[in-house]
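Source file: input.txt. Holds: compact mmCIF, C-alpha atoms.
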```
# COMPACT_ATOMS: atom_id res chain seq x y z
CA MET A 1 139.65 48.94 96.73
CA LEU A 2 138.18 48.37 93.29
CA ASN A 3 137.08 51.38 91.34
CA HIS A 4 133.53 50.12 90.81
CA ARG A 5 130.80 52.26 89.30
CA ASP A 6 127.17 51.13 89.43
CA LYS A 7 125.47 50.94 86.07
CA ARG A 8 122.84 53.55 85.43
CA ARG A 9 119.82 53.77 83.14
CA TYR A 10 118.32 56.89 81.66
CA VAL A 11 114.64 57.27 80.87
CA ALA A 12 112.85 59.83 78.73
CA VAL A 13 109.55 60.73 80.33
CA MET A 14 106.79 62.55 78.49
CA TYR A 15 104.43 64.82 80.41
CA ASP A 16 101.38 66.80 79.39
CA GLU A 17 102.58 69.92 77.63
CA ASN A 18 99.70 71.85 79.23
CA SER A 19 100.85 70.76 82.68
CA ILE A 20 100.93 73.43 85.36
CA PHE A 21 104.03 71.79 86.83
CA ARG A 22 107.54 72.75 85.86
CA PRO A 23 110.07 69.95 85.12
CA ILE A 24 111.80 70.42 88.49
CA GLN A 25 108.46 70.15 90.28
CA LEU A 26 107.63 67.03 88.30
CA HIS A 27 110.96 65.52 89.29
CA GLU A 28 110.15 66.28 92.93
CA LYS A 29 106.80 64.55 92.50
CA ILE A 30 108.50 61.48 90.99
CA VAL A 31 111.02 61.29 93.82
CA GLY A 32 108.19 61.82 96.34
CA ARG A 33 106.16 58.99 94.85
CA PHE A 34 109.22 56.71 94.75
CA LYS A 35 109.83 57.41 98.45
CA GLU A 36 106.17 56.81 99.25
CA LEU A 37 106.11 53.46 97.47
CA PHE A 38 109.60 52.08 98.08
CA GLY A 39 110.94 54.04 101.01
CA ILE A 40 113.44 56.82 101.59
CA LEU A 41 116.36 54.43 101.74
CA HIS A 42 115.72 52.96 98.30
CA ALA A 43 115.07 56.42 96.88
CA GLU A 44 118.48 57.57 98.12
CA LEU A 45 120.21 54.43 96.83
CA ALA A 46 118.49 54.75 93.44
CA MET A 47 120.17 58.14 92.97
CA LEU A 48 117.36 59.60 90.90
CA LYS A 49 118.62 62.56 88.99
CA LEU A 50 116.99 64.99 86.59
CA TYR A 51 119.07 65.72 83.51
CA ASP A 52 117.74 67.58 80.46
CA TYR A 53 114.35 69.20 80.43
CA GLU A 54 114.76 71.51 77.47
CA PHE A 55 113.53 68.83 75.07
CA GLY A 56 109.89 69.92 74.64
CA ASN A 57 107.68 68.14 77.12
CA ILE A 58 110.24 65.41 77.81
CA LEU A 59 112.21 64.92 81.02
CA PHE A 60 115.40 62.88 81.16
CA ILE A 61 115.79 61.05 84.44
CA GLY A 62 118.61 58.74 85.48
CA CYS A 63 118.74 56.09 88.18
CA LYS A 64 120.82 53.09 89.15
CA LEU A 65 120.05 50.05 87.00
CA LYS A 66 119.20 48.04 90.12
CA TYR A 67 116.28 50.40 90.84
CA LEU A 68 115.01 50.84 87.27
CA ASP A 69 111.92 48.68 87.81
CA TYR A 70 111.05 50.66 90.94
CA LEU A 71 111.38 53.91 88.99
CA LEU A 72 109.15 52.66 86.17
CA VAL A 73 106.52 51.47 88.67
CA SER A 74 106.66 54.85 90.44
CA LEU A 75 106.31 56.73 87.15
CA SER A 76 103.25 54.75 86.14
CA MET A 77 101.61 55.48 89.50
CA THR A 78 102.40 59.18 89.71
CA GLN A 79 99.93 62.02 89.34
CA PRO A 80 100.13 63.97 87.00
CA SER A 81 100.45 61.27 84.36
CA LEU A 82 103.91 60.56 83.01
CA THR A 83 104.80 58.20 80.19
CA VAL A 84 108.16 56.55 79.62
CA VAL A 85 108.86 56.96 75.91
CA SER A 86 112.44 55.75 75.77
CA LEU A 87 115.11 54.10 77.86
CA SER A 88 118.86 53.81 77.41
CA GLY A 89 122.16 53.05 79.07
CA THR A 90 123.67 56.40 78.10
CA LEU A 91 122.30 59.91 77.97
CA LYS A 92 123.79 60.44 74.53
CA LYS A 93 121.91 57.46 73.11
CA LEU A 94 118.73 58.48 74.88
CA ARG A 95 118.85 61.97 73.37
CA LYS A 96 119.42 60.40 69.97
CA ASN A 97 116.48 58.00 70.47
CA VAL A 98 114.14 60.80 71.52
CA ALA A 99 115.21 62.95 68.58
CA THR A 100 114.23 60.16 66.20
CA LEU A 101 110.81 59.57 67.75
CA ASN A 102 107.90 60.90 65.76
CA PHE A 103 106.47 63.33 68.30
CA ARG A 104 105.00 65.79 65.82
CA ASN A 105 102.03 63.47 65.27
CA ILE A 106 101.19 63.20 68.93
CA LYS A 107 101.65 66.77 70.11
CA ASN A 108 98.76 69.00 71.11
CA ASN A 109 97.46 65.88 72.73
CA ALA A 110 94.22 67.05 74.41
CA SER A 111 92.92 63.46 74.35
CA MET B 1 94.66 47.41 76.15
CA GLY B 2 92.05 49.74 77.49
CA ILE B 3 92.61 53.05 75.81
CA HIS B 4 89.62 55.35 75.86
CA VAL B 5 91.06 58.05 73.65
CA LEU B 6 89.16 59.75 70.86
CA ASP B 7 92.10 60.42 68.59
CA ILE B 8 93.01 56.96 67.36
CA ASP B 9 95.81 58.06 65.03
CA ARG B 10 97.70 59.74 67.86
CA ALA B 11 97.11 56.77 70.15
CA LEU B 12 98.49 54.42 67.50
CA THR B 13 101.60 56.57 66.99
CA MET B 14 102.10 56.64 70.73
CA ALA B 15 101.53 52.87 70.98
CA LYS B 16 104.31 52.32 68.44
CA ILE B 17 106.67 54.50 70.48
CA LEU B 18 105.71 52.63 73.65
CA GLY B 19 106.33 49.20 72.12
CA LEU B 20 102.68 48.12 72.21
CA ASP B 21 101.60 45.84 69.35
CA LEU B 22 97.92 46.11 70.03
CA ILE B 23 95.62 48.57 71.80
CA GLY B 24 92.00 48.33 72.84
CA ILE B 25 89.88 51.28 71.78
CA ASP B 26 86.49 52.07 73.26
CA SER B 27 83.93 51.98 70.56
CA ASN B 28 80.21 52.11 70.02
CA ASN B 29 78.08 51.88 66.94
CA SER B 30 78.48 55.55 66.05
CA VAL B 31 82.26 55.54 65.92
CA ARG B 32 83.75 55.05 62.49
CA ILE B 33 87.11 53.37 62.57
CA LYS B 34 89.28 52.36 59.67
CA PRO B 35 90.18 48.66 59.69
CA LEU B 36 93.55 48.42 61.42
CA GLU B 37 95.47 45.37 62.47
CA ASN B 38 96.71 46.79 65.75
CA ILE B 39 93.47 47.79 67.41
CA ILE B 40 90.74 45.84 69.11
CA LEU B 41 87.38 47.50 69.60
CA ARG B 42 85.94 47.43 73.08
CA MET B 43 82.17 47.57 73.13
CA ASP B 44 79.46 47.16 75.75
CA LYS B 45 77.33 45.02 73.40
CA LYS B 46 77.69 43.62 69.93
CA TYR B 47 77.16 46.39 67.39
CA PRO B 48 76.97 45.72 63.61
CA ILE B 49 80.53 47.11 63.25
CA ALA B 50 81.71 44.09 65.27
CA ASP B 51 81.18 41.82 62.27
CA TYR B 52 84.09 43.45 60.49
CA TYR B 53 86.61 44.17 63.24
CA PRO B 54 88.33 42.32 66.06
CA HIS B 55 86.37 43.21 69.16
CA LEU B 56 85.77 42.38 72.78
CA ILE B 57 82.50 42.73 74.65
CA VAL B 58 83.42 44.59 77.83
CA ALA B 59 81.44 44.93 81.04
CA ASP B 60 82.35 47.04 84.05
CA ASN B 61 79.30 46.19 86.12
CA ILE B 62 78.70 42.77 87.60
CA LYS B 63 75.00 43.01 86.67
CA LEU B 64 75.97 43.30 83.01
CA LEU B 65 78.28 40.29 83.14
CA ASP B 66 76.79 37.48 81.06
CA GLY B 67 77.83 34.65 78.77
CA LYS B 68 78.67 37.03 75.92
CA THR B 69 81.08 39.11 77.97
CA ASP B 70 84.71 38.71 76.96
CA LEU B 71 86.24 41.13 79.40
CA PHE B 72 85.22 42.25 82.83
CA VAL B 73 86.77 45.44 84.19
CA ILE B 74 87.25 45.11 87.91
CA ASP B 75 88.14 47.49 90.71
CA PRO B 76 90.57 45.49 92.88
CA PHE B 77 88.90 46.85 96.03
CA GLN B 78 85.44 45.64 95.15
CA LYS B 79 84.06 42.43 96.66
CA LYS B 80 85.09 39.41 94.64
CA ASP B 81 82.46 36.91 95.83
CA THR B 82 80.01 37.71 93.01
CA ILE B 83 82.76 37.56 90.38
CA LYS B 84 83.79 34.18 91.72
CA ARG B 85 80.22 32.99 91.20
CA LYS B 86 79.65 34.59 87.80
CA SER B 87 83.03 34.16 86.13
CA LYS B 88 83.33 31.56 83.40
CA ARG B 89 86.30 29.85 81.81
CA GLY B 90 88.09 32.14 79.37
CA LEU B 91 86.72 35.39 80.79
CA GLY B 92 89.22 38.23 80.75
CA ILE B 93 89.51 40.13 84.01
CA GLU B 94 90.98 43.58 83.53
CA ILE B 95 92.55 45.89 86.07
CA SER B 96 93.52 49.47 85.24
CA ILE B 97 96.68 51.05 86.56
CA VAL B 98 95.28 54.57 86.23
CA SER B 99 93.36 54.29 89.51
CA THR B 100 96.61 53.98 91.49
CA LYS B 101 97.67 57.52 90.59
CA LYS B 102 95.25 58.96 93.11
CA LEU B 103 96.02 56.47 95.88
CA ASP B 104 98.48 57.15 98.68
CA GLY B 105 101.38 54.78 99.40
CA SER B 106 99.47 52.60 101.83
CA MET B 107 96.44 52.22 99.56
CA THR B 108 98.71 51.51 96.59
CA GLY B 109 100.28 48.69 98.60
CA LYS B 110 96.81 47.29 99.29
CA TRP B 111 95.94 47.69 95.60
CA ILE B 112 98.97 45.60 94.63
CA LYS B 113 98.02 42.95 97.19
CA GLU B 114 94.46 42.79 95.81
CA VAL B 115 95.73 42.61 92.21
CA LYS B 116 97.96 39.70 93.18
CA SER B 117 94.97 37.87 94.66
CA ILE B 118 92.96 38.52 91.47
CA TYR B 119 95.85 37.10 89.45
CA GLU B 120 95.79 33.95 91.62
CA PHE B 121 92.03 33.76 91.20
CA CYS B 122 92.41 34.02 87.41
CA LYS B 123 95.02 31.27 87.42
CA SER B 124 92.87 28.85 89.39
CA ASN B 125 89.65 29.62 87.48
CA HIS B 126 91.04 29.64 83.93
CA CYS B 127 90.32 33.32 83.50
CA GLN B 128 92.69 35.68 81.69
CA PHE B 129 94.34 38.29 83.90
CA ILE B 130 94.75 41.60 82.05
CA LEU B 131 96.57 44.65 83.28
CA SER B 132 95.67 47.80 81.38
CA SER B 133 96.67 51.43 81.50
CA GLY B 134 93.04 52.58 81.61
CA ALA B 135 94.27 55.62 79.74
CA THR B 136 91.86 58.36 78.75
CA SER B 137 94.58 60.39 77.05
CA ILE B 138 97.86 59.55 75.39
CA ASN B 139 99.68 60.98 78.42
CA GLU B 140 98.23 58.19 80.52
CA MET B 141 99.38 55.40 78.23
CA VAL B 142 101.89 52.96 79.72
CA SER B 143 104.87 51.56 77.84
CA ALA B 144 105.42 47.84 77.35
CA ARG B 145 108.62 48.08 79.41
CA THR B 146 106.73 49.71 82.27
CA PHE B 147 104.10 46.95 82.17
CA ASP B 148 106.96 44.47 82.49
CA SER B 149 108.26 46.24 85.59
CA ILE B 150 104.82 46.34 87.23
CA LEU B 151 104.27 42.66 86.49
CA LYS B 152 107.72 41.71 87.79
CA PHE B 153 107.06 43.74 90.93
CA MET B 154 103.85 41.76 91.47
CA GLY B 155 105.67 38.47 91.01
CA ILE B 156 104.20 37.76 87.56
CA SER B 157 106.49 36.67 84.75
CA PRO B 158 106.11 39.27 81.95
CA LYS B 159 107.10 36.66 79.36
CA ASN B 160 104.31 34.30 80.43
CA TYR B 161 101.86 37.17 80.77
CA TRP B 162 102.34 38.40 77.20
CA LYS B 163 102.28 34.83 75.87
CA GLU B 164 99.03 34.03 77.67
CA ILE B 165 97.33 37.27 76.67
CA SER B 166 98.29 36.70 73.02
CA GLU B 167 96.88 33.18 73.12
CA TRP B 168 93.72 34.43 74.80
CA LEU B 169 93.19 37.14 72.18
CA TYR B 170 93.86 34.63 69.44
CA SER B 171 91.33 32.22 70.94
CA LYS B 172 88.71 34.98 71.05
CA ASP B 173 89.27 35.82 67.40
CA LYS B 174 89.44 32.19 66.33
CA ALA B 175 86.14 31.41 68.03
CA ARG B 176 84.52 34.23 66.11
CA TRP B 177 85.82 33.02 62.79
CA ILE B 178 84.52 29.51 63.43
CA HIS B 179 81.17 31.04 64.39
CA ALA B 180 81.11 33.21 61.26
CA LYS B 181 81.94 30.29 58.98
CA SER B 182 79.30 27.95 60.37
```

Output the file's structure as structure tokens, nothing else.
Amino acid sequence: MLNHRDKRRYVAVMYDENSIFRPIQLHEKIVGRFKELFGILHAELAMLKLYDYEFGNILFIGCKLKYLDYLLVSLSMTQPSLTVVSLSGTLKKLRKNVATLNFRNIKNNAS
Amino acid sequence: MGIHVLDIDRALTMAKILGLDLIGIDSNNSVRIKPLENIILRMDKKYPIADYYPHLIVADNIKLLDGKTDLFVIDPFQKKDTIKRKSKRGLGIEISIVSTKKLDGSMTGKWIKEVKSIYEFCKSNHCQFILSSGATSINEMVSARTFDSILKFMGISPKNYWKEISEWLYSKDKARWIHAKS
């Protein structure tokens, strides 16, 4: 049997820093919305996983490449609002991308 | 397109991060905005400021839809018969994603179905289909990549969509320049 590993993608998701939800709760909401829109089976196959959440108000979520579009659709249709600010094929690159983004100008976002 | 935020500088920084070249900002006569290449003012009627900036006349009520309207904001669940009667060639028909956040799975499915039918309607009536975030804060803004995924999911080619929307915006601007020159 071939040692085949499915490609994954990692997304950096920004949430409202005044949010009453903790990152783990937000991840649960994302998975819940994914299941609601695309079904439990796809949600399991997508292997949605929460990685870092110590990066200010940014969550790092990974999923199988095949289900990336489903994840992005789910994120855009989830309450509370979540915004995908970066996307990468490796976590290391994603962290680097997020670190270079100019977030200081958009913090304390009120509106 | 379709940002209703007050803090334009933050919205523009966010737009850059999200890969958006251009954003629509709600404006009225009282709002002072610096001339910027990457914003389009959205206004309910033509204010004097419109002479100096790219702008679109936006209506969200069918009663306000007239010959001067560039963009009509539609709720996919509303009846489309009147729009079919009142729409003209080149009218932009905008749908906001933000409303789906409060819908359950079943209603979201229906929303997608309705949006698809509006897209077909736009195609057959030479109207411009526009998907917008409908954001009222920077947290509600949607990245270009996410728009691509939503479009793909609805069976719309993102490449064609962005090409058509660019041409439509260009045609709106061009028409105004011709009008201003004559």

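Using all atoms listed in the file, the shortest contact distance between Tyr15 (chain A) and any of A:Ile30, A:Arg95, A:Val73, A:Phe38 is found at A:Ile30.
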
Sorted per-residue table, chain B near chain A, closest atoms and distance, 7 Å, only C-alpha atoms, as CSV:
```
residue,atom,partner,partner_atom,distance
B:Val5,CA,A:Ser111,CA,5.8
B:Leu6,CA,A:Ser111,CA,6.3
B:Asp7,CA,A:Ser111,CA,6.6
B:Arg10,CA,A:Ile106,CA,5.0
B:Thr13,CA,A:Ile106,CA,6.9
B:Met14,CA,A:Ile106,CA,6.9
B:Ile17,CA,A:Val85,CA,6.4
B:Leu18,CA,A:Val85,CA,5.8
B:Thr100,CA,A:Met77,CA,5.6
B:Lys101,CA,A:Met77,CA,4.6
B:Lys102,CA,A:Gln79,CA,6.7
B:Gly105,CA,A:Glu36,CA,5.2
B:Thr136,CA,A:Ser111,CA,6.8
B:Ser137,CA,A:Ser111,CA,4.4
B:Ile138,CA,A:Ser111,CA,6.4
B:Asn139,CA,A:Ser81,CA,6.0
B:Glu140,CA,A:Ser81,CA,5.4
B:Met141,CA,A:Thr83,CA,6.4
B:Val142,CA,A:Thr83,CA,6.0
B:Ser143,CA,A:Val84,CA,6.2
B:Thr146,CA,A:Leu72,CA,5.5
B:Ser149,CA,A:Asp69,CA,4.9
B:Ile150,CA,A:Val73,CA,5.6
```

- How many Å lie between CA of Tyr53 (chain B) and CA of Ala11 (chain B), rounded to one decimal? 17.8 Å

- Task: For CA of Gly90 (chain B) and CA of His126 (chain B), quote the distance in Å rounded to one decimal.
- Result: 6.0 Å

- Query: Mind pulling up the distance from CA of Ile130 (chain B) to CA of Ala144 (chain B)?
  - Reply: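 Computing the Euclidean distance for CA of Ala144 (chain B) and CA of Ile130 (chain B) yields 13.2 Å.
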
For region 47-59 of chain A, what centre and edge lengths in Å (one decimal) does the axis-aligned box get once 5 Å is added on each side of all its listed atoms, as JSON?
```
{"center_x": 113.9, "center_y": 64.8, "center_z": 83.8, "size_x": 22.5, "size_y": 23.4, "size_z": 28.3}
```

- Write out as an MDAnalysis selection string which residues come within 12 Å of Asp81 (chain B) when counting all atoms listed in the file, dropping same-chain ones fewer than 5 positions away. chainID B and resid 62 86:87 118 121

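Residues in contact with Cys63 (chain A) at 9 Å, where all atoms listed in the file are counted and same-chain residues fewer than 5 positions away are skipped, are listed as Lys7, Arg8, Arg9, Tyr10, Val11, Leu45, Ala46, Met47, Leu48, Lys49, Leu68 and Leu71 of chain A.
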
List as a compact mmCIF listing (two decimals) with C-alpha atoms, in the coordinates of the input the protein and nucleic acid residues near Ile40 (chain B), meaning an atom at most 8 Å away when only C-alpha atoms are counted, but skip any in the same chain fewer than 6 places from it.
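Output contents, as saved in selection36.txt:
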```txt
# COMPACT_ATOMS: atom_id res chain seq x y z
CA LEU B 22 97.92 46.11 70.03
CA ILE B 23 95.62 48.57 71.80
CA GLY B 24 92.00 48.33 72.84
CA ILE B 25 89.88 51.28 71.78
CA TYR B 53 86.61 44.17 63.24
CA PRO B 54 88.33 42.32 66.06
CA HIS B 55 86.37 43.21 69.16
CA LEU B 56 85.77 42.38 72.78
```

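Nearest residue to Glu94 (chain B) among B:Leu64, B:Lys45, B:Ile165, B:Thr82 is B:Ile165, counting only C-alpha atoms.
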